[in-house]
$ cat input34.pdb   # PDB, C-alpha atoms
ATOM      1  CA  MET A   1     -18.649  36.228  23.700
ATOM      2  CA  GLY A   2     -18.213  39.480  21.924
ATOM      3  CA  LEU A   3     -17.220  39.799  18.323
ATOM      4  CA  ILE A   4     -13.718  40.859  19.362
ATOM      5  CA  ASP A   5     -13.230  37.553  21.190
ATOM      6  CA  VAL A   6     -14.355  35.617  18.139
ATOM      7  CA  LEU A   7     -11.928  37.527  15.948
ATOM      8  CA  LEU A   8      -9.027  37.129  18.376
ATOM      9  CA  ARG A   9      -9.540  33.401  18.999
ATOM     10  CA  PRO A  10      -7.583  32.240  15.905
ATOM     11  CA  LEU A  11      -4.667  34.432  16.971
ATOM     12  CA  ARG A  12      -4.610  32.927  20.460
ATOM     13  CA  THR A  13      -4.947  29.311  19.272
ATOM     14  CA  PRO A  14      -1.611  27.578  18.618
ATOM     15  CA  VAL A  15      -0.852  25.900  15.278
ATOM     16  CA  ALA A  16      -2.306  22.388  15.211
ATOM     17  CA  THR A  17      -0.070  20.989  12.464
ATOM     18  CA  ARG A  18       2.319  18.174  13.383
ATOM     19  CA  HIS A  19       5.474  18.461  11.307
ATOM     20  CA  TYR A  20       5.718  14.764  10.679
ATOM     21  CA  PRO A  21       8.949  13.953   8.833
ATOM     22  CA  ARG A  22      10.845  16.690  10.696
ATOM     23  CA  HIS A  23       9.370  15.866  14.066
ATOM     24  CA  VAL A  24       8.023  12.383  14.752
ATOM     25  CA  ASP A  25       5.111  12.308  17.168
ATOM     26  CA  MET A  26       4.922   8.955  18.870
ATOM     27  CA  PRO A  27       1.394   7.553  19.076
ATOM     28  CA  ASP A  28      -0.553   8.071  22.287
ATOM     29  CA  ARG A  29      -0.240   5.619  25.172
ATOM     30  CA  GLY A  30      -2.290   2.491  24.588
ATOM     31  CA  TYR A  31      -1.835   2.669  20.809
ATOM     32  CA  ARG A  32      -2.038  -0.847  19.432
ATOM     33  CA  GLY A  33       0.697  -0.800  16.824
ATOM     34  CA  THR A  34       3.000  -3.238  15.111
ATOM     35  CA  PRO A  35       3.235  -6.600  16.895
ATOM     36  CA  GLU A  36       6.837  -7.636  17.393
ATOM     37  CA  LEU A  37       8.371 -10.826  18.698
ATOM     38  CA  GLN A  38      11.076 -11.086  21.322
ATOM     39  CA  PRO A  39      12.641 -14.283  19.969
ATOM     40  CA  GLN A  40      14.464 -15.183  23.192
ATOM     41  CA  ARG A  41      11.139 -15.454  25.069
ATOM     42  CA  CYS A  42       9.287 -17.455  22.403
ATOM     43  CA  GLN A  43       8.874 -21.188  23.090
ATOM     44  CA  GLY A  44       7.314 -21.948  19.709
ATOM     45  CA  SER A  45       3.851 -22.868  20.987
ATOM     46  CA  GLY A  46       2.243 -21.597  17.788
ATOM     47  CA  ASP A  47      -0.790 -20.125  19.589
ATOM     48  CA  CYS A  48      -0.285 -16.816  17.763
ATOM     49  CA  ALA A  49      -0.492 -18.550  14.378
ATOM     50  CA  THR A  50      -3.702 -20.334  15.427
ATOM     51  CA  ILE A  51      -5.490 -17.207  16.631
ATOM     52  CA  CYS A  52      -4.396 -14.856  13.817
ATOM     53  CA  PRO A  53      -7.571 -13.868  11.893
ATOM     54  CA  THR A  54      -5.781 -13.253   8.588
ATOM     55  CA  GLY A  55      -3.187 -16.013   8.813
ATOM     56  CA  ALA A  56      -0.383 -13.466   8.908
ATOM     57  CA  ILE A  57       1.667 -15.497  11.404
ATOM     58  CA  ALA A  58       3.194 -18.859  10.580
ATOM     59  CA  VAL A  59       5.308 -21.000  12.910
ATOM     60  CA  GLU A  60       6.991 -23.764  10.949
ATOM     61  CA  PRO A  61       9.164 -26.404  12.614
ATOM     62  CA  ARG A  62      12.720 -26.621  11.324
ATOM     63  CA  GLY A  63      14.278 -29.721  12.746
ATOM     64  CA  ASP A  64      13.751 -30.937  16.315
ATOM     65  CA  ALA A  65      14.632 -27.890  18.402
ATOM     66  CA  GLU A  66      14.012 -24.908  16.191
ATOM     67  CA  SER A  67      11.068 -23.202  14.491
ATOM     68  CA  ARG A  68      10.782 -20.427  11.978
ATOM     69  CA  TRP A  69       8.431 -17.661  13.155
ATOM     70  CA  ARG A  70       7.158 -15.522  10.316
ATOM     71  CA  LEU A  71       4.831 -12.507  10.446
ATOM     72  CA  ASP A  72       3.621 -10.936   7.214
ATOM     73  CA  TYR A  73       2.930  -7.306   8.148
ATOM     74  CA  GLY A  74       1.207  -6.932   4.773
ATOM     75  CA  LEU A  75      -1.567  -9.227   6.055
ATOM     76  CA  CYS A  76      -1.582  -8.171   9.718
ATOM     77  CA  VAL A  77      -4.660  -6.223  10.842
ATOM     78  CA  PHE A  78      -3.020  -5.103  14.121
ATOM     79  CA  CYS A  79      -5.757  -6.648  16.288
ATOM     80  CA  GLY A  80      -3.274  -7.639  19.010
ATOM     81  CA  ARG A  81      -4.770 -11.107  19.527
ATOM     82  CA  CYS A  82      -1.333 -12.727  19.149
ATOM     83  CA  ALA A  83      -0.001 -10.595  22.012
ATOM     84  CA  GLU A  84      -3.024 -11.566  24.129
ATOM     85  CA  VAL A  85      -2.781 -15.334  23.675
ATOM     86  CA  CYS A  86       0.995 -15.734  23.859
ATOM     87  CA  PRO A  87       1.685 -17.881  26.967
ATOM     88  CA  ASN A  88       5.189 -16.399  27.369
ATOM     89  CA  ASP A  89       4.363 -12.756  26.590
ATOM     90  CA  ALA A  90       6.851 -12.936  23.747
ATOM     91  CA  ILE A  91       4.778 -10.720  21.442
ATOM     92  CA  ALA A  92       4.163  -7.078  22.272
ATOM     93  CA  THR A  93       2.471  -4.382  20.235
ATOM     94  CA  THR A  94       4.895  -1.533  19.692
ATOM     95  CA  ALA A  95       4.549   2.087  18.647
ATOM     96  CA  GLU A  96       6.465   1.495  15.405
ATOM     97  CA  PHE A  97       4.440   2.618  12.389
ATOM     98  CA  GLU A  98       6.857   3.436   9.542
ATOM     99  CA  LEU A  99       6.334   0.157   7.724
ATOM    100  CA  ALA A 100       6.231   1.298   4.092
ATOM    101  CA  THR A 101       8.547  -0.643   1.780
ATOM    102  CA  ARG A 102       9.246  -0.842  -1.932
ATOM    103  CA  ARG A 103       9.001  -4.614  -2.198
ATOM    104  CA  ARG A 104       6.252  -6.899  -0.960
ATOM    105  CA  ALA A 105       8.713  -9.390   0.497
ATOM    106  CA  GLU A 106      10.280  -6.711   2.705
ATOM    107  CA  VAL A 107       7.204  -6.319   4.922
ATOM    108  CA  VAL A 108       7.667  -9.846   6.251
ATOM    109  CA  GLY A 109       9.452 -10.342   9.570
ATOM    110  CA  VAL A 110      11.200 -13.662  10.278
ATOM    111  CA  HIS A 111      12.721 -15.037  13.488
ATOM    112  CA  LEU A 112      14.249 -18.341  14.487
ATOM    113  CA  VAL A 113      12.752 -19.507  17.781
ATOM    114  CA  LYS A 114      12.700 -22.531  20.080
ATOM    115  CA  GLY A 115      10.225 -25.321  19.518
ATOM    116  CA  GLY A 116      10.438 -27.596  16.535
ATOM    117  CA  LYS A 117       8.708 -30.915  15.898
ATOM    118  CA  ARG A 118       6.694 -32.296  18.773
TER     119      ARG A 118
ATOM    120  CA  MET B   1      21.999   0.185 -10.998
ATOM    121  CA  THR B   2      19.520  -1.043 -13.558
ATOM    122  CA  ASP B   3      17.858   1.224 -16.091
ATOM    123  CA  ALA B   4      14.481   0.777 -14.439
ATOM    124  CA  ARG B   5      15.914   1.789 -11.085
ATOM    125  CA  GLN B   6      17.544   4.859 -12.617
ATOM    126  CA  LEU B   7      14.272   5.831 -14.265
ATOM    127  CA  LYS B   8      12.477   5.462 -10.940
ATOM    128  CA  ARG B   9      14.999   7.802  -9.301
ATOM    129  CA  GLU B  10      14.487  10.335 -12.077
ATOM    130  CA  VAL B  11      10.724  10.133 -11.623
ATOM    131  CA  ALA B  12      11.162  10.653  -7.891
ATOM    132  CA  ASN B  13      13.285  13.739  -8.482
ATOM    133  CA  LYS B  14      10.631  15.178 -10.752
ATOM    134  CA  PHE B  15       7.792  14.448  -8.318
ATOM    135  CA  GLY B  16       9.786  15.205  -5.178
ATOM    136  CA  ARG B  17       8.238  18.519  -4.211
ATOM    137  CA  SER B  18       5.027  18.429  -6.254
ATOM    138  CA  LEU B  19       3.072  15.230  -6.153
ATOM    139  CA  HIS B  20      -0.515  15.009  -7.306
ATOM    140  CA  VAL B  21      -2.348  12.026  -5.892
ATOM    141  CA  ARG B  22      -5.486  10.284  -7.068
ATOM    142  CA  HIS B  23      -7.162   8.075  -4.507
ATOM    143  CA  LEU B  24      -8.746   4.874  -5.814
ATOM    144  CA  ASP B  25     -11.029   2.933  -3.508
ATOM    145  CA  SER B  26     -11.009  -0.554  -4.978
ATOM    146  CA  GLY B  27     -13.341  -2.060  -2.384
ATOM    147  CA  SER B  28     -12.186  -0.630   0.909
ATOM    148  CA  CYS B  29     -14.068  -0.753   4.228
ATOM    149  CA  ASN B  30     -13.495   3.041   4.487
ATOM    150  CA  GLY B  31     -10.962   2.763   7.312
ATOM    151  CA  CYS B  32      -8.018   3.690   5.095
ATOM    152  CA  ASP B  33     -10.135   6.293   3.293
ATOM    153  CA  TRP B  34     -10.745   8.121   6.544
ATOM    154  CA  GLU B  35      -7.039   8.132   7.303
ATOM    155  CA  LEU B  36      -6.457   9.583   3.818
ATOM    156  CA  ALA B  37      -9.091  12.236   4.476
ATOM    157  CA  ALA B  38      -7.199  13.141   7.657
ATOM    158  CA  LEU B  39      -4.086  13.888   5.588
ATOM    159  CA  LEU B  40      -5.673  17.079   4.327
ATOM    160  CA  ASN B  41      -6.814  18.443   7.695
ATOM    161  CA  SER B  42      -4.829  21.027   9.609
ATOM    162  CA  VAL B  43      -3.136  18.470  11.847
ATOM    163  CA  TYR B  44      -1.363  16.484   9.110
ATOM    164  CA  ASP B  45      -1.655  18.969   6.220
ATOM    165  CA  VAL B  46       0.189  17.147   3.418
ATOM    166  CA  GLN B  47       0.000  20.230   1.230
ATOM    167  CA  ARG B  48       2.948  21.653   3.205
ATOM    168  CA  LEU B  49       4.981  18.796   1.633
ATOM    169  CA  GLY B  50       3.807  19.619  -1.887
ATOM    170  CA  ILE B  51       1.386  16.695  -1.970
ATOM    171  CA  ASP B  52      -2.173  17.293  -3.074
ATOM    172  CA  PHE B  53      -5.188  15.203  -3.953
ATOM    173  CA  VAL B  54      -6.732  15.679  -7.397
ATOM    174  CA  ALA B  55     -10.118  14.717  -8.746
ATOM    175  CA  SER B  56      -9.073  12.831 -11.874
ATOM    176  CA  PRO B  57      -6.434  10.207 -12.659
ATOM    177  CA  ARG B  58      -5.599  12.274 -15.734
ATOM    178  CA  HIS B  59      -4.211  14.969 -13.434
ATOM    179  CA  ALA B  60      -2.417  12.565 -11.127
ATOM    180  CA  ASP B  61       1.203  11.426 -10.736
ATOM    181  CA  LEU B  62       0.462   8.788  -8.139
ATOM    182  CA  LEU B  63      -2.391   6.371  -7.597
ATOM    183  CA  LEU B  64      -3.245   5.531  -3.988
ATOM    184  CA  VAL B  65      -5.100   2.221  -3.893
ATOM    185  CA  THR B  66      -7.044   1.345  -0.741
ATOM    186  CA  GLY B  67      -8.969  -1.805  -0.025
ATOM    187  CA  VAL B  68      -9.085  -5.301  -1.381
ATOM    188  CA  MET B  69      -9.458  -5.465  -5.175
ATOM    189  CA  THR B  70     -13.057  -6.471  -5.764
ATOM    190  CA  ARG B  71     -13.803  -8.367  -8.958
ATOM    191  CA  ASN B  72     -16.161  -5.737 -10.320
ATOM    192  CA  LEU B  73     -13.557  -3.002  -9.825
ATOM    193  CA  GLN B  74     -10.635  -4.877 -11.382
ATOM    194  CA  GLU B  75     -11.241  -3.421 -14.817
ATOM    195  CA  ALA B  76     -12.034   0.041 -13.471
ATOM    196  CA  ALA B  77      -8.736   0.003 -11.563
ATOM    197  CA  LEU B  78      -6.863  -0.872 -14.736
ATOM    198  CA  LEU B  79      -8.658   1.856 -16.695
ATOM    199  CA  THR B  80      -7.814   4.361 -13.946
ATOM    200  CA  TYR B  81      -4.172   3.352 -14.115
ATOM    201  CA  ARG B  82      -4.114   3.599 -17.903
ATOM    202  CA  ALA B  83      -5.722   7.052 -17.767
ATOM    203  CA  MET B  84      -2.775   8.421 -15.798
ATOM    204  CA  PRO B  85      -0.041  10.241 -17.709
ATOM    205  CA  LYS B  86       3.422   8.676 -17.593
ATOM    206  CA  PRO B  87       5.536   8.618 -15.477
ATOM    207  CA  ARG B  88       3.202   7.273 -12.814
ATOM    208  CA  LEU B  89       3.486   5.618  -9.442
ATOM    209  CA  VAL B  90       1.160   3.266  -7.567
ATOM    210  CA  VAL B  91       0.994   2.988  -3.765
ATOM    211  CA  ALA B  92      -1.015   0.291  -1.979
ATOM    212  CA  VAL B  93      -2.416   1.477   1.364
ATOM    213  CA  GLY B  94      -3.591  -0.869   4.084
ATOM    214  CA  ALA B  95      -3.526  -4.591   4.733
ATOM    215  CA  CYS B  96      -6.177  -5.289   2.066
ATOM    216  CA  ALA B  97      -4.382  -3.578  -0.800
ATOM    217  CA  VAL B  98      -0.992  -4.933   0.283
ATOM    218  CA  GLY B  99      -1.804  -8.574   1.025
ATOM    219  CA  GLY B 100      -5.550  -9.089   0.700
ATOM    220  CA  GLY B 101      -6.323  -8.682   4.397
ATOM    221  CA  VAL B 102      -9.454 -10.170   5.948
ATOM    222  CA  PHE B 103     -11.484  -9.992   2.727
ATOM    223  CA  ALA B 104      -8.986 -11.721   0.418
ATOM    224  CA  HIS B 105     -10.832 -15.023   0.115
ATOM    225  CA  THR B 106     -14.417 -13.846  -0.162
ATOM    226  CA  TYR B 107     -16.412 -14.519  -3.327
ATOM    227  CA  ALA B 108     -16.389 -10.924  -4.586
ATOM    228  CA  ALA B 109     -12.695 -10.253  -4.023
ATOM    229  CA  ALA B 110      -9.892 -10.745  -6.517
ATOM    230  CA  GLY B 111      -7.175 -10.267  -3.867
ATOM    231  CA  SER B 112      -4.526  -7.629  -3.323
ATOM    232  CA  ALA B 113      -3.670  -4.739  -5.656
ATOM    233  CA  GLU B 114      -0.302  -6.155  -6.721
ATOM    234  CA  PRO B 115      -1.095  -8.616  -9.516
ATOM    235  CA  ILE B 116      -3.502  -6.161 -11.153
ATOM    236  CA  LEU B 117      -1.526  -2.924 -10.796
ATOM    237  CA  PRO B 118       2.280  -2.534 -10.650
ATOM    238  CA  VAL B 119       2.638  -1.361  -7.049
ATOM    239  CA  ASP B 120       5.725   0.735  -6.208
ATOM    240  CA  VAL B 121       5.285   1.164  -2.462
ATOM    241  CA  PHE B 122       3.424  -0.973   0.096
ATOM    242  CA  ILE B 123       2.039   0.628   3.266
ATOM    243  CA  PRO B 124       0.857  -2.049   5.735
ATOM    244  CA  GLY B 125      -1.545  -1.212   8.552
ATOM    245  CA  CYS B 126      -5.208  -1.663   9.293
ATOM    246  CA  PRO B 127      -5.572   1.200   8.750
ATOM    247  CA  PRO B 128      -2.120   2.799   8.647
ATOM    248  CA  ARG B 129      -2.067   5.992  10.705
ATOM    249  CA  PRO B 130      -1.813   9.236   8.700
ATOM    250  CA  GLU B 131       1.889   9.580   9.525
ATOM    251  CA  ALA B 132       2.482   6.102   8.124
ATOM    252  CA  ILE B 133       0.778   7.112   4.870
ATOM    253  CA  ILE B 134       2.880  10.295   4.658
ATOM    254  CA  HIS B 135       5.962   8.120   5.210
ATOM    255  CA  GLY B 136       4.841   5.845   2.376
ATOM    256  CA  LEU B 137       4.235   8.745  -0.002
ATOM    257  CA  LEU B 138       7.653  10.219   0.802
ATOM    258  CA  VAL B 139       9.234   6.786   0.269
ATOM    259  CA  ALA B 140       7.546   6.678  -3.150
ATOM    260  CA  VAL B 141       9.229   9.948  -4.177
ATOM    261  CA  GLU B 142      12.485   8.977  -2.423
ATOM    262  CA  ARG B 143      12.390  11.742   0.146
ATOM    263  CA  MET B 144      12.466   9.191   2.967
ATOM    264  CA  GLU B 145      14.023   5.763   3.228
ATOM    265  CA  PRO B 146      11.984   2.623   3.872
ATOM    266  CA  LYS B 147      12.778   0.413   6.844
ATOM    267  CA  PRO B 148      12.267  -3.134   5.561
ATOM    268  CA  ARG B 149      10.997  -5.368   8.386
ATOM    269  CA  ALA B 150      13.231  -8.254   7.349
ATOM    270  CA  SER B 151      16.411  -6.241   7.944
ATOM    271  CA  VAL B 152      15.099  -4.448  11.056
ATOM    272  CA  LEU B 153      14.369  -7.759  12.779
ATOM    273  CA  SER B 154      17.501  -9.637  11.689
ATOM    274  CA  SER B 155      19.782  -6.851  12.982
ATOM    275  CA  ARG B 156      18.528  -7.312  16.537
TER     276      ARG B 156
END

$ encode --input "input34.pdb" --output "structure tokens"
Amino acid sequence: MGLIDVLLRPLRTPVATRHYPRHVDMPDRGYRGTPELQPQRCQGSGDCATICPTGAIAVEPRGDAESRWRLDYGLCVFCGRCAEVCPNDAIATTAEFELATRRRAEVVGVHLVKGGKR
Amino acid sequence: MTDARQLKREVANKFGRSLHVRHLDSGSCNGCDWELAALLNSVYDVQRLGIDFVASPRHADLLLVTGVMTRNLQEAALLTYRAMPKPRLVVAVGACAVGGGVFAHTYAAAGSAEPILPVDVFIPGCPPRPEAIIHGLLVAVERMEPKPRASVLSSR
């Protein structure tokens, strides 16, 4: 209220700065981060590829029993639709955010999953 | 180690603790731009890392490109890049600059930043959180190591 309080407030307030590279603050709960696949749960339904608004996910059959699941994080808009539609809950959004790479091809994640030609 | 790689390392050593950044909005939706603006507030405060934003590409060491490359900004982006003194680095921020994102196939868009500018570091995200952008900038000057998704996933 008084002028003294106003002058003392900055001294009482703690430092707001997060010291990122030295100390990594995980995002708050409910943060919708990088979608990641748990390949052992995936049945290769391809629903994630169908719903993806930017076409970042591709599920290509490789032979009769196997598919290649591919997510281009350089196209992903982190909307979480793939995690929502997955019938086996194989995709979950994680708190991982350090995705920067030096080559374009390195931001693409690939898994071999069940499925294949049907 | 190739000559180009060696040169890159030398550049990184020179820029390591004093990096001047010029932000180029090549057609962004402003999401990434707001995350960049947050870098300078007291919470993220990139100036403690020796990184600062400058007003002209002629003063800059690094060009931060946000947004899908629109056709009418293609030439301006090239001119901005050419105006920078050598050695220079280019970082693509956000899904649009990295891969084209949701706007890649619209009539006014030329696609991602890569074919037009020689991008050194890609920062995916829509938008990437401020920490992710700091990580990308520190990867560009080799103060942090990238974690390529391909290797992260195959090691599991």

$ closest_atom_pairs --input "input34.pdb" --of "chain B" --to "chain A" --cutoff "6 Å" --atoms "only C-alpha atoms" --output "tab-separated table"
residue	atom	partner	partner_atom	distance
B:Ser42	CA	A:Thr17	CA	5.5
B:Val43	CA	A:Thr17	CA	4.0
B:Tyr44	CA	A:Thr17	CA	5.8
B:Ala95	CA	A:Leu75	CA	5.2
B:Val98	CA	A:Gly74	CA	5.4
B:Gly99	CA	A:Leu75	CA	5.1
B:Gly101	CA	A:Leu75	CA	5.1
B:Val102	CA	A:Thr54	CA	5.5
B:Asp120	CA	A:Arg102	CA	5.8
B:Val121	CA	A:Arg102	CA	4.5
B:Phe122	CA	A:Ala100	CA	5.4
B:Ile123	CA	A:Ala100	CA	4.3
B:Pro124	CA	A:Gly74	CA	5.0
B:Cys126	CA	A:Val77	CA	4.8
B:Ala132	CA	A:Glu98	CA	5.3
B:Gly136	CA	A:Ala100	CA	5.1
B:Pro146	CA	A:Thr101	CA	5.2
B:Pro148	CA	A:Glu106	CA	5.0
B:Arg149	CA	A:Val107	CA	5.2
B:Ala150	CA	A:Gly109	CA	4.9

$ resolve_selection --input "input34.pdb" --expression "the PyMOL selection byres ((chain B and resi 106-109) around 9)" --output "PyMOL selection string"
chain B and resi 27+68-72+100+102-105+110-112

$ atom_distance --input "input34.pdb" --atom1 "CA of Ala12 (chain B)" --atom2 "CA of Thr80 (chain B)"
20.9 Å

$ atom_distance --input "input34.pdb" --atom1 "CA of Gly80 (chain A)" --atom2 "CA of Ala65 (chain A)"
27.0 Å

$ closest_residue --input "input34.pdb" --among "B:Val46, B:Leu138, B:Ala113, B:Val21" --to "Leu62 (chain B)" --atoms "all atoms listed in the file"
B:Val21

$ atom_distance --input "input34.pdb" --atom1 "CA of Pro127 (chain B)" --atom2 "CA of Cys32 (chain B)"
5.1 Å

$ closest_residue --input "input34.pdb" --among "B:Arg5, B:Gly94, B:Met84, B:Gln47" --to "Cys29 (chain B)" --atoms "all atoms listed in the file"
B:Gly94

$ resolve_selection --input "input34.pdb" --expression "the PyMOL selection byres ((chain A and resi 40-49) around 7)" --output "ChimeraX atom specification"
/A:38-39,50-52,55,57-59,67,82,85-86,88,90,113-115

$ closest_residue --input "input34.pdb" --among "B:Leu64, B:Val90, B:Leu137, B:Gly125" --to "Pro35 (chain A)" --atoms "all atoms listed in the file"
B:Gly125

$ residues_around --input "input34.pdb" --residues "Ser28 (chain B)" --least-positions-apart "2" --cutoff "8 Å" --atoms "only C-alpha atoms" --output "list in words"
Asp25, Ser26, Asn30, Gly31, Cys32, Asp33, Thr66, Gly67, Val68 and Cys96 of chain B

$ residues_around --input "input34.pdb" --residues "Val141 (chain B)" --least-positions-apart "2" --cutoff "10 Å" --atoms "all atoms listed in the file" --output "count of residues only"
22

$ axis_aligned_box --input "input34.pdb" --around "region 123-138 of chain B" --padding-each-side "3 Å" --output "lines of an AutoDock Vina configuration file"
center_x = 1.0
center_y = 4.1
center_z = 5.4
size_x = 19.2
size_y = 18.3
size_z = 16.7

$ residues_near_point --input "input34.pdb" --point "(-1.1, 18.8, -8.5)" --cutoff "7 Å" --atoms "only C-alpha atoms" --output "count of residues only"
7

$ decode --input "input34.pdb" --residues "region 42-59 of chain A" --atoms "N, CA, C and O atoms" --output "CSV table (one decimal), in the first residue's frame"
chain,number,residue,atom,x,y,z
A,42,CYS,N,0.7,-51.7,-30.9
A,42,CYS,CA,0.1,-51.3,-32.1
A,42,CYS,C,-0.3,-52.5,-32.9
A,42,CYS,O,0.4,-53.5,-33.0
A,43,GLN,N,-1.5,-52.5,-33.5
A,43,GLN,CA,-2.0,-53.6,-34.3
A,43,GLN,C,-2.0,-53.2,-35.8
A,43,GLN,O,-2.5,-54.0,-36.6
A,44,GLY,N,-1.6,-52.0,-36.1
A,44,GLY,CA,-1.5,-51.6,-37.5
A,44,GLY,C,-2.8,-51.3,-38.2
A,44,GLY,O,-3.0,-51.5,-39.3
A,45,SER,N,-3.7,-50.7,-37.4
A,45,SER,CA,-5.0,-50.4,-37.9
A,45,SER,C,-5.0,-49.2,-38.9
A,45,SER,O,-5.8,-49.1,-39.8
A,46,GLY,N,-4.0,-48.4,-38.7
A,46,GLY,CA,-3.8,-47.2,-39.6
A,46,GLY,C,-4.8,-46.1,-39.4
A,46,GLY,O,-4.8,-45.1,-40.2
A,47,ASP,N,-5.6,-46.1,-38.3
A,47,ASP,CA,-6.5,-45.0,-38.0
A,47,ASP,C,-5.8,-43.7,-37.7
A,47,ASP,O,-6.3,-42.6,-38.1
A,48,CYS,N,-4.6,-43.8,-37.1
A,48,CYS,CA,-3.8,-42.6,-36.9
A,48,CYS,C,-3.4,-41.9,-38.2
A,48,CYS,O,-3.5,-40.7,-38.3
A,49,ALA,N,-3.0,-42.7,-39.2
A,49,ALA,CA,-2.6,-42.1,-40.5
A,49,ALA,C,-3.8,-41.4,-41.2
A,49,ALA,O,-3.7,-40.4,-41.8
A,50,THR,N,-5.0,-42.0,-41.0
A,50,THR,CA,-6.2,-41.5,-41.6
A,50,THR,C,-6.6,-40.2,-41.0
A,50,THR,O,-7.0,-39.2,-41.7
A,51,ILE,N,-6.5,-40.1,-39.7
A,51,ILE,CA,-7.0,-38.9,-39.0
A,51,ILE,C,-6.0,-37.7,-39.0
A,51,ILE,O,-6.4,-36.6,-38.9
A,52,CYS,N,-4.7,-38.0,-39.2
A,52,CYS,CA,-3.7,-37.0,-39.1
A,52,CYS,C,-3.9,-35.8,-40.1
A,52,CYS,O,-4.0,-36.0,-41.3
A,53,PRO,N,-4.1,-34.6,-39.5
A,53,PRO,CA,-4.4,-33.4,-40.4
A,53,PRO,C,-3.3,-33.0,-41.4
A,53,PRO,O,-3.6,-32.4,-42.4
A,54,THR,N,-2.1,-33.3,-41.0
A,54,THR,CA,-1.0,-32.9,-41.9
A,54,THR,C,-0.4,-34.1,-42.7
A,54,THR,O,0.6,-33.9,-43.4
A,55,GLY,N,-0.9,-35.3,-42.5
A,55,GLY,CA,-0.3,-36.4,-43.2
A,55,GLY,C,1.0,-36.8,-42.6
A,55,GLY,O,1.9,-37.2,-43.4
A,56,ALA,N,1.3,-36.5,-41.3
A,56,ALA,CA,2.6,-36.8,-40.8
A,56,ALA,C,2.8,-38.3,-40.5
A,56,ALA,O,3.9,-38.7,-40.5
A,57,ILE,N,1.7,-39.0,-40.3
A,57,ILE,CA,1.8,-40.4,-40.0
A,57,ILE,C,1.5,-41.3,-41.3
A,57,ILE,O,0.6,-41.0,-42.0
A,58,ALA,N,2.3,-42.3,-41.5
A,58,ALA,CA,2.1,-43.2,-42.6
A,58,ALA,C,2.3,-44.6,-42.1
A,58,ALA,O,3.2,-44.9,-41.3
A,59,VAL,N,1.3,-45.5,-42.4
A,59,VAL,CA,1.4,-46.9,-42.0
A,59,VAL,C,1.4,-47.7,-43.3
A,59,VAL,O,0.4,-47.8,-44.0
